[in-house]
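Below is entry-v1.cif, which holds mmCIF, C-alpha atoms.
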data_entry
#
loop_
_atom_site.label_atom_id
_atom_site.label_comp_id
_atom_site.auth_asym_id
_atom_site.auth_seq_id
_atom_site.Cartn_x
_atom_site.Cartn_y
_atom_site.Cartn_z
CA MET O 4 71.98 146.16 111.90
CA GLU O 5 73.06 149.47 113.37
CA ASN O 6 72.94 151.24 109.99
CA MET O 7 69.48 150.00 109.08
CA PRO O 8 66.82 152.70 108.94
CA LYS O 9 64.13 152.47 111.58
CA MET O 10 60.74 151.26 110.41
CA GLN O 11 58.10 153.93 110.59
CA SER O 12 54.86 153.06 112.33
CA TYR O 13 51.61 153.97 110.63
CA THR O 14 48.10 154.15 111.97
CA PRO O 15 45.47 152.06 110.18
CA GLU O 16 44.06 155.26 108.73
CA GLU O 17 47.46 156.28 107.35
CA LEU O 18 47.94 152.83 105.84
CA ALA O 19 44.49 153.01 104.22
CA LYS O 20 45.37 156.42 102.72
CA ILE O 21 48.72 155.14 101.40
CA GLN O 22 46.98 152.14 99.87
CA GLU O 23 44.31 154.33 98.28
CA GLU O 24 46.96 156.62 96.76
CA ALA O 25 48.96 153.66 95.46
CA LEU O 26 45.87 152.14 93.85
CA LYS O 27 44.98 155.48 92.28
CA LYS O 28 48.50 155.86 90.81
CA ALA O 29 48.45 152.26 89.58
CA GLN O 30 45.09 152.82 87.86
CA GLU O 31 46.35 156.04 86.27
CA THR O 32 49.43 154.22 84.96
CA TRP O 33 47.31 151.31 83.70
CA ASN O 34 45.01 153.71 81.84
CA LYS O 35 48.00 155.21 80.00
CA LEU O 36 48.97 151.81 78.56
CA THR O 37 47.88 150.70 75.12
CA PRO O 38 45.66 147.59 74.94
CA GLU O 39 48.70 145.63 73.77
CA GLU O 40 50.77 146.85 76.73
CA GLN O 41 47.90 146.02 79.10
CA ALA O 42 47.69 142.49 77.66
CA LYS O 43 51.44 142.01 78.02
CA ALA O 44 51.39 143.35 81.58
CA SER O 45 48.51 141.00 82.44
CA GLU O 46 50.39 138.03 80.97
CA ASN O 47 53.52 138.95 82.93
CA ALA O 48 51.53 139.34 86.15
CA GLN O 49 49.86 135.95 85.58
CA ARG O 50 53.24 134.33 84.93
CA MET O 51 54.70 135.88 88.09
CA LEU O 52 51.71 134.75 90.13
CA GLU O 53 52.01 131.19 88.81
CA GLU O 54 55.73 131.16 89.65
CA GLU O 55 55.05 132.35 93.20
CA MET O 56 52.34 129.71 93.59
CA ARG O 57 54.79 127.05 92.37
CA LYS O 58 57.41 128.21 94.87
CA HIS O 59 54.81 128.19 97.64
CA GLN O 60 53.76 124.65 96.73
CA GLU O 61 57.39 123.49 96.71
CA MET O 62 57.87 125.01 100.15
CA MET O 63 54.70 123.33 101.47
CA ASP O 64 55.81 120.00 99.98
CA THR O 65 59.16 120.36 101.74
CA VAL O 66 57.49 121.19 105.05
CA ASN O 67 55.15 118.20 104.75
CA ARG O 68 58.07 115.92 103.85
CA LEU O 69 60.08 117.12 106.85
CA ILE O 70 57.11 116.61 109.16
CA ALA O 71 56.60 113.08 107.81
CA GLU O 72 60.32 112.32 108.22
CA LYS O 73 60.26 113.60 111.80
CA LYS O 74 57.21 111.47 112.65
CA GLU O 75 58.82 108.42 111.05
CA LYS O 76 62.02 109.01 113.00
CA GLU O 77 60.06 109.40 116.24
CA ASN O 78 58.15 106.18 115.54
CA THR O 79 61.24 104.15 114.70
CA SER O 80 63.50 105.58 117.39
CA LYS O 81 61.18 104.85 120.31
CA PRO O 82 62.03 101.64 122.12
CA LYS O 83 59.30 99.03 122.01
CA PHE O 84 58.11 97.22 125.12
CA CYS O 85 55.98 94.18 125.82
CA SER O 86 52.42 95.19 126.69
CA ASN O 87 52.23 92.38 129.24
CA CYS O 88 55.45 92.63 131.28
CA GLY O 89 57.04 95.86 130.03
CA ALA O 90 60.29 94.22 128.96
CA PRO O 91 62.13 95.81 126.00
CA VAL O 92 61.33 94.05 122.72
CA SER O 93 63.67 94.05 119.73
CA GLY O 94 61.39 92.22 117.30
CA GLY O 95 59.77 88.87 116.77
CA LYS O 96 56.24 87.66 117.45
CA PHE O 97 56.63 86.86 121.15
CA CYS O 98 58.17 88.60 124.15
CA GLY O 99 61.54 87.07 125.06
CA ASN O 100 60.85 87.68 128.75
CA CYS O 101 57.30 86.43 129.34
CA GLY O 102 56.33 84.80 126.01
CA ASN O 103 53.35 87.14 125.43
CA ALA O 104 52.28 87.49 121.78
CA LEU O 105 53.39 90.84 120.39
CA ASN O 106 51.28 93.02 118.09
#
Do you think you could lay out the structure here as structure tokens?
Amino acid sequence: MENMPKMQSYTPEELAKIQEEALKKAQETWNKLTPEEQAKASENAQRMLEEEMRKHQEMMDTVNRLIAEKKEKENTSKPKFCSNCGAPVSGGKFCGNCGNALN
């Protein structure tokens, strides 16, 4: 970490200027391409975008799965108690302590 260069801070105006210059250079480069090269570049960009979207969806699916697993674990790991007397319940239809019907 010691050898990493320090990040330079930019003002919003400086960032806007950098972005404007980058867009201008990109447009100049695009204009130099033949129609065939432009079509190929567009296809490659679309393919890259679709791949990134797929990766993003995979990541979101993983996050949702982990959240669901955590909720399931929380629901199954909590001890259950009789709503009438508060005694711990391990299963069945009636409380073993007071005989109350369990939900």
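If you measure from each of O:Leu36, O:Ile70, O:Thr65, O:Asn106 to Phe84 (chain O) using only C-alpha atoms, the closest one turns out to be O:Asn106.
The two atoms in question, CA of Lys76 (chain O) and CA of Cys88 (chain O), are spaced 25.4 Å apart.
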Problem set entry | For Lys83 (chain O), the nearest of the candidates O:Leu105, O:Met62, O:Glu23, O:Glu17, counting only C-alpha atoms |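 Result for the nearest residue to Lys83 (chain O): O:Leu105.
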List as a PDB file with C-alpha atoms, keeping the file's coordinate frame the protein and nucleic acid residues near Asn100 (chain O), meaning an atom at most 8 Å away when all atoms listed in the file are counted, but skip any in the same chain fewer than 2 places from it.
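Output below, filename around08.pdb:
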ATOM      1  CA  CYS O  88      55.450  92.630 131.280  1.00  0.00           C
ATOM      2  CA  ALA O  90      60.290  94.220 128.960  1.00  0.00           C
ATOM      3  CA  CYS O  98      58.170  88.600 124.150  1.00  0.00           C
ATOM      4  CA  GLY O 102      56.330  84.800 126.010  1.00  0.00           C
TER       5      GLY O 102
END
For this session: May I ask for the distance between CA of Leu69 (chain O) and CA of Pro91 (chain O), given in Å to one decimal place?
Result: 28.7 Å
For this session: Work out how far CA of Ala48 (chain O) is from CA of Lys28 (chain O), in Å to one decimal.
Result: 17.4 Å
Listed atoms of region 37-42 of chain O boxed along x, y and z, 5 Å each side, centre and edge lengths in Å, one decimal, as AutoDock Vina command-line options:
--center_x 48.2 --center_y 146.6 --center_z 76.4 --size_x 15.1 --size_y 18.2 --size_z 15.3
